[in-house]
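Heads up, target.cif below (mmCIF, C-alpha atoms):
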data_my_file
loop_
_atom_site.group_PDB
_atom_site.id
_atom_site.type_symbol
_atom_site.label_atom_id
_atom_site.label_comp_id
_atom_site.auth_asym_id
_atom_site.auth_seq_id
_atom_site.Cartn_x
_atom_site.Cartn_y
_atom_site.Cartn_z
ATOM 1 C CA MET A 936 112.973 99.594 107.826
ATOM 2 C CA LEU A 937 111.348 97.926 110.787
ATOM 3 C CA PRO A 938 110.482 94.247 110.383
ATOM 4 C CA VAL A 939 106.996 93.726 109.028
ATOM 5 C CA THR A 940 104.701 91.854 111.378
ATOM 6 C CA PRO A 941 103.828 88.450 109.887
ATOM 7 C CA ALA A 942 100.643 88.715 107.845
ATOM 8 C CA SER A 943 97.473 86.930 108.775
ATOM 9 C CA SER A 944 96.536 84.182 106.353
ATOM 10 C CA GLY A 945 94.369 85.192 103.400
ATOM 11 C CA SER A 946 92.441 88.385 102.851
ATOM 12 C CA CYS A 947 90.703 90.126 105.704
ATOM 13 C CA LEU A 948 87.725 91.002 103.521
ATOM 14 C CA SER A 949 84.299 89.963 104.690
ATOM 15 C CA THR A 950 81.991 88.324 102.178
ATOM 16 C CA ALA A 951 78.998 90.119 103.629
ATOM 17 C CA ALA A 952 77.587 93.127 101.780
ATOM 18 C CA ASP A 953 75.506 95.955 103.120
ATOM 19 C CA ALA A 954 72.424 97.458 101.532
ATOM 20 C CA GLU A 955 74.486 99.965 99.531
ATOM 21 C CA GLY A 956 76.436 97.256 97.768
ATOM 22 C CA PHE A 957 79.529 97.679 99.924
ATOM 23 C CA SER A 958 81.299 94.951 101.831
ATOM 24 C CA ARG A 959 83.164 95.600 105.033
ATOM 25 C CA ALA A 960 86.787 94.651 105.660
ATOM 26 C CA ALA A 961 87.133 92.720 108.868
ATOM 27 C CA SER A 962 90.032 93.894 111.007
ATOM 28 C CA ASN A 963 92.328 92.968 113.826
ATOM 29 C CA PRO A 964 92.804 96.307 115.612
ATOM 30 C CA GLY A 965 96.085 95.101 117.110
ATOM 31 C CA SER A 966 97.746 94.388 113.784
ATOM 32 C CA MET A 967 97.587 95.809 110.277
ATOM 33 C CA GLU A 968 99.787 95.594 107.201
ATOM 34 C CA VAL A 969 99.720 97.763 104.091
ATOM 35 C CA GLY A 970 101.414 97.021 100.770
ATOM 36 C CA ILE A 971 102.516 99.858 98.473
ATOM 37 C CA VAL A 972 103.051 99.533 94.709
ATOM 38 C CA ALA A 973 104.315 102.590 92.824
ATOM 39 C CA GLN A 974 104.674 103.276 89.113
ATOM 40 C CA GLN A 975 108.092 102.162 87.955
ATOM 41 C CA ASP A 976 110.727 104.665 86.837
ATOM 42 C CA ASN A 977 108.755 107.565 88.269
ATOM 43 C CA ASP A 978 110.488 109.681 90.897
ATOM 44 C CA ARG A 979 107.250 111.355 92.032
ATOM 45 C CA ALA A 980 105.572 107.997 92.614
ATOM 46 C CA ALA A 981 108.563 106.682 94.546
ATOM 47 C CA ALA A 982 108.780 109.839 96.664
ATOM 48 C CA LEU A 983 105.082 109.645 97.526
ATOM 49 C CA ALA A 984 105.499 105.977 98.424
ATOM 50 C CA GLY A 985 108.274 106.996 100.819
ATOM 51 C CA ARG A 986 106.151 109.672 102.496
ATOM 52 C CA LEU A 987 103.230 107.293 102.800
ATOM 53 C CA ARG A 988 105.463 104.616 104.309
ATOM 54 C CA ASP A 989 106.746 107.062 106.931
ATOM 55 C CA ARG A 990 103.232 108.096 107.932
ATOM 56 C CA LEU A 991 102.036 104.506 108.194
ATOM 57 C CA ARG A 992 104.981 103.584 110.386
ATOM 58 C CA ASP A 993 104.059 106.506 112.652
ATOM 59 C CA LEU A 994 100.601 104.917 112.895
ATOM 60 C CA ASP A 995 102.177 101.610 113.980
ATOM 61 C CA VAL A 996 101.243 99.911 110.697
ATOM 62 C CA GLY A 997 103.451 97.288 109.078
ATOM 63 C CA VAL A 998 104.466 98.444 105.590
ATOM 64 C CA ALA A 999 105.735 96.455 102.607
ATOM 65 C CA VAL A 1000 106.949 98.283 99.479
ATOM 66 C CA ASP A 1001 107.303 96.640 96.072
ATOM 67 C CA GLU A 1002 110.862 95.654 95.225
ATOM 68 C CA THR A 1003 111.428 98.145 92.403
ATOM 69 C CA THR A 1004 110.217 101.130 94.417
ATOM 70 C CA ALA A 1005 112.030 99.960 97.541
ATOM 71 C CA ASP A 1006 115.276 99.827 95.563
ATOM 72 C CA ARG A 1007 114.815 103.482 94.529
ATOM 73 C CA LEU A 1008 114.236 104.344 98.204
ATOM 74 C CA SER A 1009 117.172 102.201 99.413
ATOM 75 C CA LEU A 1010 114.813 100.001 101.440
ATOM 76 C CA PRO A 1011 114.106 96.280 101.617
ATOM 77 C CA GLY A 1012 111.232 95.341 99.319
ATOM 78 C CA VAL A 1013 108.824 92.495 98.663
ATOM 79 C CA PRO A 1014 107.471 90.938 95.447
ATOM 80 C CA VAL A 1015 104.203 92.487 94.286
ATOM 81 C CA ALA A 1016 102.644 89.020 94.501
ATOM 82 C CA GLU A 1017 102.814 89.340 98.283
ATOM 83 C CA LEU A 1018 100.097 92.027 98.235
ATOM 84 C CA ALA A 1019 97.605 89.221 98.734
ATOM 85 C CA ALA A 1020 98.953 88.698 102.256
ATOM 86 C CA ARG A 1021 98.332 92.339 103.280
ATOM 87 C CA ASP A 1022 95.233 93.931 104.764
ATOM 88 C CA LEU A 1023 95.255 96.908 102.383
ATOM 89 C CA ALA A 1024 97.127 97.786 99.197
ATOM 90 C CA VAL A 1025 97.931 101.212 97.765
ATOM 91 C CA SER A 1026 98.634 101.715 94.058
ATOM 92 C CA ILE A 1027 100.459 104.931 93.117
ATOM 93 C CA GLY A 1028 100.484 105.881 89.429
ATOM 94 C CA GLY A 1029 98.191 105.435 86.447
ATOM 95 C CA ASP A 1030 95.568 102.860 85.567
ATOM 96 C CA GLY A 1031 98.314 100.527 84.326
ATOM 97 C CA THR A 1032 99.904 100.475 87.769
ATOM 98 C CA PHE A 1033 96.512 99.830 89.330
ATOM 99 C CA LEU A 1034 95.837 96.890 87.003
ATOM 100 C CA PHE A 1035 99.271 95.494 87.853
ATOM 101 C CA ALA A 1036 98.493 95.752 91.568
ATOM 102 C CA ALA A 1037 95.017 94.267 91.112
ATOM 103 C CA ARG A 1038 96.398 91.206 89.312
ATOM 104 C CA ASN A 1039 98.409 90.414 92.410
ATOM 105 C CA ALA A 1040 96.110 91.576 95.219
ATOM 106 C CA ASP A 1041 93.834 88.503 95.162
ATOM 107 C CA GLY A 1042 91.016 90.137 97.111
ATOM 108 C CA THR A 1043 93.043 92.574 99.204
ATOM 109 C CA PRO A 1044 91.299 95.985 99.096
ATOM 110 C CA ILE A 1045 93.144 98.559 96.962
ATOM 111 C CA ILE A 1046 93.267 102.351 97.142
ATOM 112 C CA GLY A 1047 94.261 103.938 93.824
ATOM 113 C CA VAL A 1048 96.370 107.115 93.966
ATOM 114 C CA ASN A 1049 96.976 109.195 90.845
ATOM 115 C CA LEU A 1050 99.862 111.550 90.172
ATOM 116 C CA GLY A 1051 97.794 114.596 89.261
ATOM 117 C CA GLU A 1052 95.606 113.252 86.447
ATOM 118 C CA VAL A 1053 92.311 111.838 87.700
ATOM 119 C CA GLY A 1054 91.951 108.259 86.489
ATOM 120 C CA PHE A 1055 88.975 105.935 86.381
ATOM 121 C CA LEU A 1056 90.635 103.602 88.891
ATOM 122 C CA ASN A 1057 92.812 106.082 90.782
ATOM 123 C CA ALA A 1058 90.474 108.509 92.515
ATOM 124 C CA VAL A 1059 92.867 109.911 95.133
ATOM 125 C CA GLY A 1060 95.113 112.852 94.284
ATOM 126 C CA PRO A 1061 98.761 112.929 95.390
ATOM 127 C CA GLY A 1062 98.214 115.850 97.746
ATOM 128 C CA GLU A 1063 95.557 114.010 99.746
ATOM 129 C CA ALA A 1064 96.892 110.467 99.454
ATOM 130 C CA VAL A 1065 98.643 110.253 102.819
ATOM 131 C CA GLU A 1066 95.588 111.440 104.742
ATOM 132 C CA VAL A 1067 93.166 109.275 102.737
ATOM 133 C CA VAL A 1068 95.225 106.176 103.493
ATOM 134 C CA ALA A 1069 95.516 107.198 107.154
ATOM 135 C CA ASP A 1070 91.716 107.534 107.274
ATOM 136 C CA ALA A 1071 91.403 104.062 105.731
ATOM 137 C CA VAL A 1072 93.683 102.663 108.425
ATOM 138 C CA ALA A 1073 91.503 104.260 111.117
ATOM 139 C CA ALA A 1074 88.371 102.821 109.480
ATOM 140 C CA TYR A 1075 89.966 99.377 109.275
ATOM 141 C CA ARG A 1076 90.814 99.470 112.958
ATOM 142 C CA ARG A 1077 87.191 100.400 113.726
ATOM 143 C CA ASP A 1078 86.105 97.434 111.592
ATOM 144 C CA ASP A 1079 84.389 99.966 109.319
ATOM 145 C CA LEU A 1080 86.418 100.061 106.100
ATOM 146 C CA ALA A 1081 83.989 100.264 103.162
ATOM 147 C CA VAL A 1082 85.078 98.113 100.214
ATOM 148 C CA ARG A 1083 83.427 98.026 96.792
ATOM 149 C CA SER A 1084 83.519 94.963 94.554
ATOM 150 C CA VAL A 1085 84.316 95.517 90.861
ATOM 151 C CA PRO A 1086 83.749 92.507 88.583
ATOM 152 C CA ARG A 1087 86.376 90.942 86.361
ATOM 153 C CA ILE A 1088 86.058 88.564 83.414
ATOM 154 C CA ALA A 1089 88.018 85.499 82.351
ATOM 155 C CA ALA A 1090 88.508 83.558 79.108
ATOM 156 C CA SER A 1091 88.476 79.790 78.870
ATOM 157 C CA HIS A 1092 89.294 77.329 76.090
ATOM 158 C CA ASP A 1093 89.647 73.567 76.009
ATOM 159 C CA GLY A 1094 90.299 73.098 79.733
ATOM 160 C CA TRP A 1095 92.363 76.296 80.130
ATOM 161 C CA THR A 1096 91.150 79.373 82.006
ATOM 162 C CA GLY A 1097 93.075 82.632 81.812
ATOM 163 C CA ASP A 1098 93.803 85.088 84.595
ATOM 164 C CA PRO A 1099 90.898 87.429 85.421
ATOM 165 C CA ALA A 1100 90.882 90.732 83.513
ATOM 166 C CA MET A 1101 89.517 93.963 84.909
ATOM 167 C CA ASN A 1102 89.176 95.851 81.599
ATOM 168 C CA GLU A 1103 88.811 93.531 78.638
ATOM 169 C CA ILE A 1104 89.574 90.269 76.921
ATOM 170 C CA VAL A 1105 90.369 90.308 73.203
ATOM 171 C CA VAL A 1106 90.381 87.375 70.783
ATOM 172 C CA HIS A 1107 92.164 88.374 67.563
ATOM 173 C CA GLY A 1108 94.170 87.122 64.626
ATOM 174 C CA ALA A 1109 97.942 86.994 64.466
ATOM 175 C CA ARG A 1110 97.946 90.464 62.870
ATOM 176 C CA ARG A 1111 95.529 93.239 62.029
ATOM 177 C CA GLY A 1112 94.666 94.866 58.734
ATOM 178 C CA HIS A 1113 94.430 93.656 55.140
ATOM 179 C CA GLY A 1114 95.116 89.946 54.873
ATOM 180 C CA GLY A 1115 94.969 89.482 58.634
ATOM 181 C CA GLY A 1116 92.230 88.891 61.177
ATOM 182 C CA VAL A 1117 90.003 85.854 61.626
ATOM 183 C CA ASP A 1118 86.540 84.628 60.766
ATOM 184 C CA ALA A 1119 84.559 84.902 63.983
ATOM 185 C CA GLU A 1120 81.169 83.664 65.104
ATOM 186 C CA ILE A 1121 79.897 85.300 68.281
ATOM 187 C CA ARG A 1122 77.274 83.628 70.453
ATOM 188 C CA VAL A 1123 75.721 85.093 73.586
ATOM 189 C CA ASP A 1124 74.264 82.517 75.952
ATOM 190 C CA GLY A 1125 74.055 80.090 73.048
ATOM 191 C CA SER A 1126 72.355 82.440 70.578
ATOM 192 C CA THR A 1127 74.271 83.664 67.529
ATOM 193 C CA TYR A 1128 74.886 87.420 67.546
ATOM 194 C CA ASP A 1129 76.999 87.680 64.407
ATOM 195 C CA ALA A 1130 79.404 85.830 62.150
ATOM 196 C CA THR A 1131 81.856 87.757 59.966
ATOM 197 C CA HIS A 1132 85.533 88.488 59.312
ATOM 198 C CA VAL A 1133 87.102 90.707 61.984
ATOM 199 C CA ASP A 1134 90.467 91.855 63.213
ATOM 200 C CA GLY A 1135 89.260 90.659 66.599
ATOM 201 C CA VAL A 1136 86.431 90.478 69.119
ATOM 202 C CA LEU A 1137 86.633 92.458 72.357
ATOM 203 C CA VAL A 1138 84.611 91.712 75.491
ATOM 204 C CA ALA A 1139 84.859 94.475 78.095
ATOM 205 C CA THR A 1140 83.568 95.300 81.552
ATOM 206 C CA PRO A 1141 82.015 98.708 82.302
ATOM 207 C CA THR A 1142 85.365 99.621 83.897
ATOM 208 C CA GLY A 1143 87.081 98.719 80.641
ATOM 209 C CA SER A 1144 84.648 100.655 78.472
ATOM 210 C CA THR A 1145 86.951 103.679 78.657
ATOM 211 C CA ALA A 1146 90.057 101.723 77.652
ATOM 212 C CA TYR A 1147 90.710 99.592 74.544
ATOM 213 C CA ASN A 1148 86.972 99.322 73.914
ATOM 214 C CA LEU A 1149 86.701 103.070 73.422
ATOM 215 C CA SER A 1150 89.574 103.137 70.924
ATOM 216 C CA GLU A 1151 87.650 100.509 68.937
ATOM 217 C CA ARG A 1152 84.580 102.774 68.856
ATOM 218 C CA GLY A 1153 82.782 100.898 71.586
ATOM 219 C CA PRO A 1154 80.319 102.615 73.921
ATOM 220 C CA LEU A 1155 81.097 104.371 77.157
ATOM 221 C CA VAL A 1156 79.336 102.537 79.985
ATOM 222 C CA HIS A 1157 78.845 104.123 83.395
ATOM 223 C CA PRO A 1158 80.375 101.999 86.199
ATOM 224 C CA SER A 1159 76.980 101.732 87.889
ATOM 225 C CA VAL A 1160 75.722 99.680 84.914
ATOM 226 C CA ASP A 1161 76.101 95.944 85.417
ATOM 227 C CA GLY A 1162 76.884 94.260 82.115
ATOM 228 C CA LEU A 1163 79.428 93.190 79.501
ATOM 229 C CA ILE A 1164 80.279 94.892 76.205
ATOM 230 C CA VAL A 1165 80.730 92.835 73.023
ATOM 231 C CA ASN A 1166 82.611 94.807 70.369
ATOM 232 C CA GLN A 1167 83.805 93.595 66.970
ATOM 233 C CA MET A 1168 87.094 95.122 65.843
ATOM 234 C CA ALA A 1169 87.226 96.296 62.215
ATOM 235 C CA ALA A 1170 84.495 93.884 61.147
ATOM 236 C CA SER A 1171 83.954 93.419 57.410
ATOM 237 C CA ASP A 1172 80.185 93.737 57.763
ATOM 238 C CA GLY A 1173 79.532 93.481 61.453
ATOM 239 C CA MET A 1174 76.875 94.350 63.965
ATOM 240 C CA PRO A 1175 77.204 97.380 66.243
ATOM 241 C CA PRO A 1176 78.614 96.901 69.755
ATOM 242 C CA LEU A 1177 76.273 95.145 72.165
ATOM 243 C CA VAL A 1178 75.809 95.390 75.934
ATOM 244 C CA VAL A 1179 74.634 92.118 77.507
ATOM 245 C CA GLY A 1180 73.827 90.991 81.025
ATOM 246 C CA PRO A 1181 76.589 90.643 83.623
ATOM 247 C CA ASP A 1182 76.178 86.872 83.877
ATOM 248 C CA SER A 1183 76.121 86.241 80.132
ATOM 249 C CA GLU A 1184 78.558 83.864 78.473
ATOM 250 C CA VAL A 1185 80.104 85.156 75.262
ATOM 251 C CA ALA A 1186 81.505 82.424 73.010
ATOM 252 C CA VAL A 1187 83.862 83.485 70.210
ATOM 253 C CA SER A 1188 84.587 80.775 67.614
ATOM 254 C CA VAL A 1189 87.499 81.637 65.316
ATOM 255 C CA SER A 1190 88.546 80.043 62.048
ATOM 256 C CA GLY A 1191 90.087 80.962 58.712
ATOM 257 C CA ALA A 1192 93.538 81.720 60.142
ATOM 258 C CA GLU A 1193 96.573 79.703 61.169
ATOM 259 C CA THR A 1194 96.836 81.402 64.548
ATOM 260 C CA ALA A 1195 94.655 83.374 66.926
ATOM 261 C CA VAL A 1196 95.515 85.030 70.233
ATOM 262 C CA VAL A 1197 93.627 85.631 73.488
ATOM 263 C CA VAL A 1198 94.787 88.686 75.452
ATOM 264 C CA GLY A 1199 93.601 89.858 78.889
ATOM 265 C CA ASP A 1200 94.115 93.509 79.874
ATOM 266 C CA GLY A 1201 96.816 93.865 77.228
ATOM 267 C CA ARG A 1202 99.245 91.540 79.001
ATOM 268 C CA ASN A 1203 98.367 87.895 79.455
ATOM 269 C CA ARG A 1204 98.486 86.192 76.049
ATOM 270 C CA ARG A 1205 97.630 82.690 74.872
ATOM 271 C CA ARG A 1206 97.938 81.421 71.307
ATOM 272 C CA LEU A 1207 95.238 79.270 69.737
ATOM 273 C CA SER A 1208 95.173 77.026 66.680
ATOM 274 C CA PRO A 1209 91.865 77.648 64.854
ATOM 275 C CA PRO A 1210 89.258 76.396 64.595
ATOM 276 C CA ALA A 1211 88.821 77.125 68.283
ATOM 277 C CA THR A 1212 86.190 78.530 70.630
ATOM 278 C CA VAL A 1213 86.924 80.891 73.502
ATOM 279 C CA THR A 1214 84.296 81.537 76.178
ATOM 280 C CA VAL A 1215 84.337 84.789 78.132
ATOM 281 C CA ALA A 1216 82.329 85.143 81.342
ATOM 282 C CA ARG A 1217 82.414 86.871 84.706
ATOM 283 C CA ALA A 1218 85.271 85.644 86.902
ATOM 284 C CA ASP A 1219 84.743 84.357 90.415
ATOM 285 C CA SER A 1220 87.162 86.881 91.948
ATOM 286 C CA PRO A 1221 86.315 90.598 91.745
ATOM 287 C CA VAL A 1222 88.699 93.439 92.499
ATOM 288 C CA ARG A 1223 88.082 95.147 95.866
ATOM 289 C CA LEU A 1224 88.313 98.936 95.941
ATOM 290 C CA ALA A 1225 88.681 101.058 99.067
ATOM 291 C CA GLY A 1226 88.794 104.803 99.488
ATOM 292 C CA PRO A 1227 86.897 107.504 97.549
ATOM 293 C CA GLN A 1228 85.271 106.755 94.209
ATOM 294 C CA ALA A 1229 86.419 108.575 91.080
ATOM 295 C CA ASP A 1230 84.012 111.055 89.494
ATOM 296 C CA PHE A 1231 83.305 109.266 86.213
ATOM 297 C CA PHE A 1232 82.462 112.448 84.328
ATOM 298 C CA GLU A 1233 85.472 114.336 85.639
ATOM 299 C CA ALA A 1234 87.693 111.463 84.526
ATOM 300 C CA LEU A 1235 86.037 111.487 81.093
ATOM 301 C CA GLY A 1236 87.289 115.043 80.674
ATOM 302 C CA LYS A 1237 90.860 113.748 80.855
ATOM 303 C CA LEU A 1238 90.452 111.425 77.860
ATOM 304 C CA ASP A 1239 92.469 112.367 74.796
#
Encoded form (structure tokens):
Amino acid sequence: MLPVTPASSGSCLSTAADAEGFSRAASNPGSMEVGIVAQQDNDRAAALAGRLRDRLRDLDVGVAVDETTADRLSLPGVPVAELAARDLAVSIGGDGTFLFAARNADGTPIIGVNLGEVGFLNAVGPGEAVEVVADAVAAYRRDDLAVRSVPRIAASHDGWTGDPAMNEIVVHGARRGHGGGVDAEIRVDGSTYDATHVDGVLVATPTGSTAYNLSERGPLVHPSVDGLIVNQMAASDGMPPLVVGPDSEVAVSVSGAETAVVVGDGRNRRRLSPPATVTVARADSPVRLAGPQADFFEALGKLD
């Protein structure tokens, strides 16, 4: 593997937005670096990462491959956290792989590549991935790479703020079902929405409406809708799910249990000692998407 040219400091994304809601990635035509993250323990993902790396090198682009994938390809690799120092990132795999890449990209634009099943975050098929990324490189070098901003949300409690979540944040009891859960009061922008016993309270983005929210009988929300979903999980006598404004603050006060847990995108967990209040609101740092957009309705057809 050729040495990777040292990365420029920070993201190369412009903060300006055009009339269509896109922002443009600023570029240095003489230098570009791409980071590749592939689904772990998947030979097809690793093989595609190898083909993509070869094509990018032919285009005189510096390439960094995540350590796990690089090991499968017998190449030097870099920690996924170093995606933030690249000009473009490529995620190869399912939505889980994309979320993993997004947690580490820190503003670097991401192209999501699926492995044959169209995902809500991974719009590019494996057969077209190499050419789509090559087109993105050409657009970057023309200073014309279109990048879409997708909002994330974050939870805060008593001086602590969690990592931004792209799909959802859940506040729940130590366990679900009979004898578990918590008493929860939900306030939206200071006004009480409901107070009842629940397994948990889920706050989701439109992107996350098709994930955990959907399994908890929450509504599907088209990605063009700007808002947050408030969904009570197995409420004793609760209100139906609610869609509120994108800048709303949702406060969840829990009591009646020894322990509660805050979880972001199914991974980042923090334990609470009730009574406690968790506030969920839009995070300052969105995820930046490059490349084609997924067809929302086509992706819906892939849901189980």
Between CA of Gly1051 (chain A) and CA of Ala1139 (chain A), what is the distance in Å, rounded to a tenth?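 Between CA of Gly1051 (chain A) and CA of Ala1139 (chain A) the gap works out to 26.4 Å.
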Identify all residues satisfying the PyMOL selection byres ((chain A and resi 1083-1092) around 6) in the given file; provide them as a VMD selection string. chain A and resid 957 1082 1093 to 1097 1099 to 1101 1213 to 1218 1221 to 1224
Is there a way to get, as a ChimeraX atom specification, all residues within 12 Å of the point (77.1, 106.7, 79.1) in file coordinates, counting all atoms listed in the file? /A:1141-1142,1144-1145,1149,1153-1160,1178,1231-1232,1235
Step by step, work through what the PyMOL selection byres ((chain A and resi 1046) around 6) selects in the shown file, and finish by giving those residues as a PyMOL selection string. chain A and resi 1025+1045+1047+1225-1226
Ground truth for the PyMOL selection byres ((chain A and resi 1135) around 9), written as a short mmCIF file (atom, residue, chain, number, x, y, z; two decimals) with C-alpha atoms, in the coordinates of the input:
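Ended up saving to out-v1.cif:
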data_model
loop_
_atom_site.label_atom_id
_atom_site.label_comp_id
_atom_site.auth_asym_id
_atom_site.auth_seq_id
_atom_site.Cartn_x
_atom_site.Cartn_y
_atom_site.Cartn_z
CA VAL A 1105 90.37 90.31 73.20
CA VAL A 1106 90.38 87.38 70.78
CA HIS A 1107 92.16 88.37 67.56
CA GLY A 1108 94.17 87.12 64.63
CA ARG A 1111 95.53 93.24 62.03
CA GLY A 1116 92.23 88.89 61.18
CA VAL A 1117 90.00 85.85 61.63
CA ASP A 1118 86.54 84.63 60.77
CA ALA A 1119 84.56 84.90 63.98
CA HIS A 1132 85.53 88.49 59.31
CA VAL A 1133 87.10 90.71 61.98
CA ASP A 1134 90.47 91.86 63.21
CA VAL A 1136 86.43 90.48 69.12
CA LEU A 1137 86.63 92.46 72.36
CA ASN A 1166 82.61 94.81 70.37
CA GLN A 1167 83.80 93.60 66.97
CA MET A 1168 87.09 95.12 65.84
CA ALA A 1169 87.23 96.30 62.22
CA ALA A 1170 84.50 93.88 61.15
#
Do you have the CA of Gly1031 (chain A)-CA of Arg990 (chain A) distance handy?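 Calculated distance between CA of Gly1031 (chain A) and CA of Arg990 (chain A) is 25.3 Å.
For Val1123 (chain A), the residues within 8 Å (counting only C-alpha atoms, excluding itself and residues fewer than 6 positions away along the chain) are Ser1183, Glu1184, Val1185 and Ala1186 of chain A.
Among the candidates A:Ser1171, A:Ser1009, A:Ser1208, A:Ser1026, the one nearest to Val972 (chain A) when counting all atoms listed in the file is A:Ser1026.
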